[in-house]
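**Q** Structure incoming, see below.
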Amino acid sequence: MNKQGKLYKIWLLFLTFFKIGAFTFGGGYAMIPLIQKEVADKRKWITEKDILDIIAIAESTPGPIAVNSATFVGFKVAGFWGAFVSTLGVVLPSFVIITVIAYLLKNFSDYKGVKYAFFGIRAGVLALIVKGLVSMYKQVPKNPVSYIVMGVAFALVAFFDVSVLLVLIGCAVFGLVTSIIISRRAKNDLS
Amino acid sequence: MIYLKLFLTFFKIGLFTFGGGYAMLPLIQAEVLENEWMTNTEIMNFVAVSESTPGPFAINMATFVGTETGGIFGAFCSTLGVVMPSFIVILLVATFYEKFKKNKAVAGCMTGLRPAAIGLIASAALSLAITAFFADGVNAQVFKNVEFYISAVVCIVMTVLALKKVHPIKIITASAVVGIVCGYALNLPV
């Protein structure tokens with residue numbers, strides 16, 4: 001590909017992910033349909049199957065799904081600089097908007113009306129978190145390992161003040177060990 | 001050195017969060033409380049702000065905490081920190097994708113990490129709920145406060161609506177309206 005073509009592609013990547021960053025509320029999975037529309041249907045940079053791969057990768061690598069998918073798509077389309085501008089594009093709208101909001105909050109948070117609004121909002125936010133929990137629960141495989149990990153992780157942090165980081169590392173190791181044991185057993189049963 | 005601290009803290013948050021939605025909440029909560037960058041009340045306010053503005057929660061949170069503690073350059077450092085682990089890991093994964101896809105160790109770790117995220121978010125939600133309902137500590141006095149009952153009703157009604165897939169922005173707007181109306185009508189102390 002000639003150089004100008006590549007530069008143009010990189011510019012398009014930036015614009016596309018800037019748009020995705022600016023128009024997705026709530027982030028994460030909300031972004032997937034927009035990526036599908038902009039990157040697969042419109043630009044044909046990736047295929048529908050790639051989208052499934054992206055979801056799978058984003059779920060099993062650290063970091064926000066938005067950043068993971070932007071980096072992955074950018075890299076597939078135009079290598080390192082593609083990944084770089086896509087990530088920059090998806091992050092930039094949040095960065096600008098939140099910097100402005102932080103300034104506004106600082107100046108308006110002492111108003112009585114704003115305080116009342118946030119009093120109501122805090123109760124509503126709990127509802128959103130509960131909803132998030134329910135939809136994550138629906139996606140988790142229902143087996144004893146899942147239930148044990150869920151319960152133990154909850155109890156350790158809620159009642160025993162164990163660090164979140166330690167619990168995450170512990171659960172990853174526990175998941176790895178149990179999955180090895182389960183697959184060994186399945187193999188033995190077969191033979 | 002606040003800038004380095006912001007960068008490293010959010011690098012850690014970016015590195016250890018898996019999955020979407022609120023998966024990042026427990027870790028962010030633990031870190032910002034420990035550093036006394038925000039209180040539980042401010043975290044809840046900000047979750048609402050983040051849900052009503054575009055962009056991923058993690059980026060919004062990193063930018064906000066960074067701005068509050070270190071101005072615009074602070075925001076730059078924390079956002080760079082939260083993005084960097086994903087960026088590096090995805091570049092590696094994209095290069096070795098076929099090997100990564102078949103890797104049983106990754107899949108195995110995920111069988112532990114996914115349910116763990118649920119337990120951790122539940123625990124974060126519990127501590128936020130305690131702050132929302134028992135702002136002055138857990139005691140019987142709370143049950144005489146009208147605020148407690150307003151919060152409880154809003155929370156229950158909104159949970160039902162949220163589960164019926166009402167859009168988060170509508171839920172936040174409705175909750176804000178209830179807060180403002182009840183606040184002025186009953187002249188609640190703030």
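In the structure tokens, each chain is lettered A, B, ... as it comes, each chain's residues begin at 1, and ligands are numbered from 1 in order of appearance.
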Do you know which residues are at most 9 Å from stretch 37-53 of chain B counting only C-alpha atoms, after dropping those on the same chain fewer than 4 positions away, and could you put them as a PyMOL selection string?
**A** (chain A and resi 22-27+94+97-98+101+118-119+121-126) or (chain B and resi 29+31-33+57+60-61+64-65+68-69+127-128+131-132+135+168-169+172)
**Q** Give me, as a list in words, all polymer residues having an atom no more than 10 Å from A:Phe75, counting only C-alpha atoms and skipping those fewer than 5 positions away in the same chain.
**A**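 Using only C-alpha atoms, the neighbours found are Ser69, Ala70, Phe80, Trp81, Gly82, Ala83, Phe84, Val85 and Ser86 of chain A; Ile90, Leu91, Ala94 and Thr95 of chain B.
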**Q** Put those residues in a file: C-alpha atoms, as a PDB file, in the first residue's frame.
**A**
ATOM      1  CA  SER A  69     -11.480  -3.318  21.013  1.00  0.00           C
ATOM      2  CA  ALA A  70     -10.100  -0.023  19.683  1.00  0.00           C
ATOM      3  CA  PHE A  80       0.930  -0.136  15.575  1.00  0.00           C
ATOM      4  CA  TRP A  81      -0.009   3.412  14.570  1.00  0.00           C
ATOM      5  CA  GLY A  82      -3.498   2.227  13.717  1.00  0.00           C
ATOM      6  CA  ALA A  83      -3.800   0.838  17.246  1.00  0.00           C
ATOM      7  CA  PHE A  84      -2.375   4.047  18.679  1.00  0.00           C
ATOM      8  CA  VAL A  85      -4.737   6.470  16.926  1.00  0.00           C
ATOM      9  CA  SER A  86      -7.796   4.261  17.488  1.00  0.00           C
TER      10      SER A  86
ATOM     11  CA  ILE B  90      -3.781  -6.274  23.056  1.00  0.00           C
ATOM     12  CA  LEU B  91      -0.820  -5.530  20.811  1.00  0.00           C
ATOM     13  CA  ALA B  94      -3.195  -9.397  18.232  1.00  0.00           C
ATOM     14  CA  THR B  95       0.245 -10.564  17.149  1.00  0.00           C
TER      15      THR B  95
END
**Q** When you count only C-alpha atoms, which of these residues is closest to chain B: A:Asn68, A:Asp189, A:Val77, A:Gln139?
**A** A:Asn68
**Q** Choose the residue, out of B:Phe148, B:Phe133, B:Phe10, B:Tyr184, that has the smallest atom-to-atom separation from B:Gly66; count only C-alpha atoms.
**A** B:Phe10
**Q** Can you work out which one of A:Pro62, A:Ile46, A:Leu34, A:Val130 has the shortest atom-to-atom distance to B:Val83, counting only C-alpha atoms?
**A** A:Pro62
**Q** Do you have the atom CA of B:Leu188-atom CA of B:Glu147 distance handy?
**A**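 One can read the atom CA of B:Leu188 to atom CA of B:Glu147 distance as 7.8 Å.
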**Q** Tell me which of B:Gly112, B:Gly81, B:Pro189, B:Pro26 sits closest to chain A, counting only C-alpha atoms.
**A** B:Gly112
**Q** Give the alpha helix (DSSP H) residues of stretch 36-144 of chain A, as DSSP finds them on the backbone, and put them as a PyMOL selection string.
**A** chain A and resi 48-60+65-108+112-139+144
**Q** Rank nothing, just name the residue among B:Lys165, B:Lys5, B:Lys99, B:Lys144 nearest to chain A, using only C-alpha atoms.
**A** B:Lys165
**Q** Can you check which parts of stretch 58-148 of chain A lie within 12 Å of stretch 156-177 of chain A? Per residue, the shortest pair of atoms and distance in Å to one decimal, counting only C-alpha atoms, sorted by chain and number, as a Markdown table.
**A**
| residue | atom | partner | partner_atom | distance |
| --- | --- | --- | --- | --- |
| A:Ser60 | CA | A:Ala172 | CA | 11.3 |
| A:Pro62 | CA | A:Leu168 | CA | 11.8 |
| A:Pro144 | CA | A:Gly175 | CA | 11.5 |
| A:Val145 | CA | A:Gly175 | CA | 7.7 |
| A:Ser146 | CA | A:Gly175 | CA | 8.8 |
| A:Tyr147 | CA | A:Gly175 | CA | 11.8 |
| A:Ile148 | CA | A:Cys171 | CA | 10.0 |
**Q** Keeping only C-alpha atoms, take the residues you just selected and write them out as a PDB file, in the first residue's frame.
**A**
ATOM      1  CA  SER A  60     -10.170 -12.329  28.614  1.00  0.00           C
ATOM      2  CA  PRO A  62      -7.249  -6.801  31.252  1.00  0.00           C
ATOM      3  CA  PRO A 144     -20.276 -25.144  41.812  1.00  0.00           C
ATOM      4  CA  VAL A 145     -16.923 -23.486  41.034  1.00  0.00           C
ATOM      5  CA  SER A 146     -18.687 -20.256  40.006  1.00  0.00           C
ATOM      6  CA  TYR A 147     -20.896 -20.192  43.083  1.00  0.00           C
ATOM      7  CA  ILE A 148     -18.019 -20.866  45.459  1.00  0.00           C
TER       8      ILE A 148
END
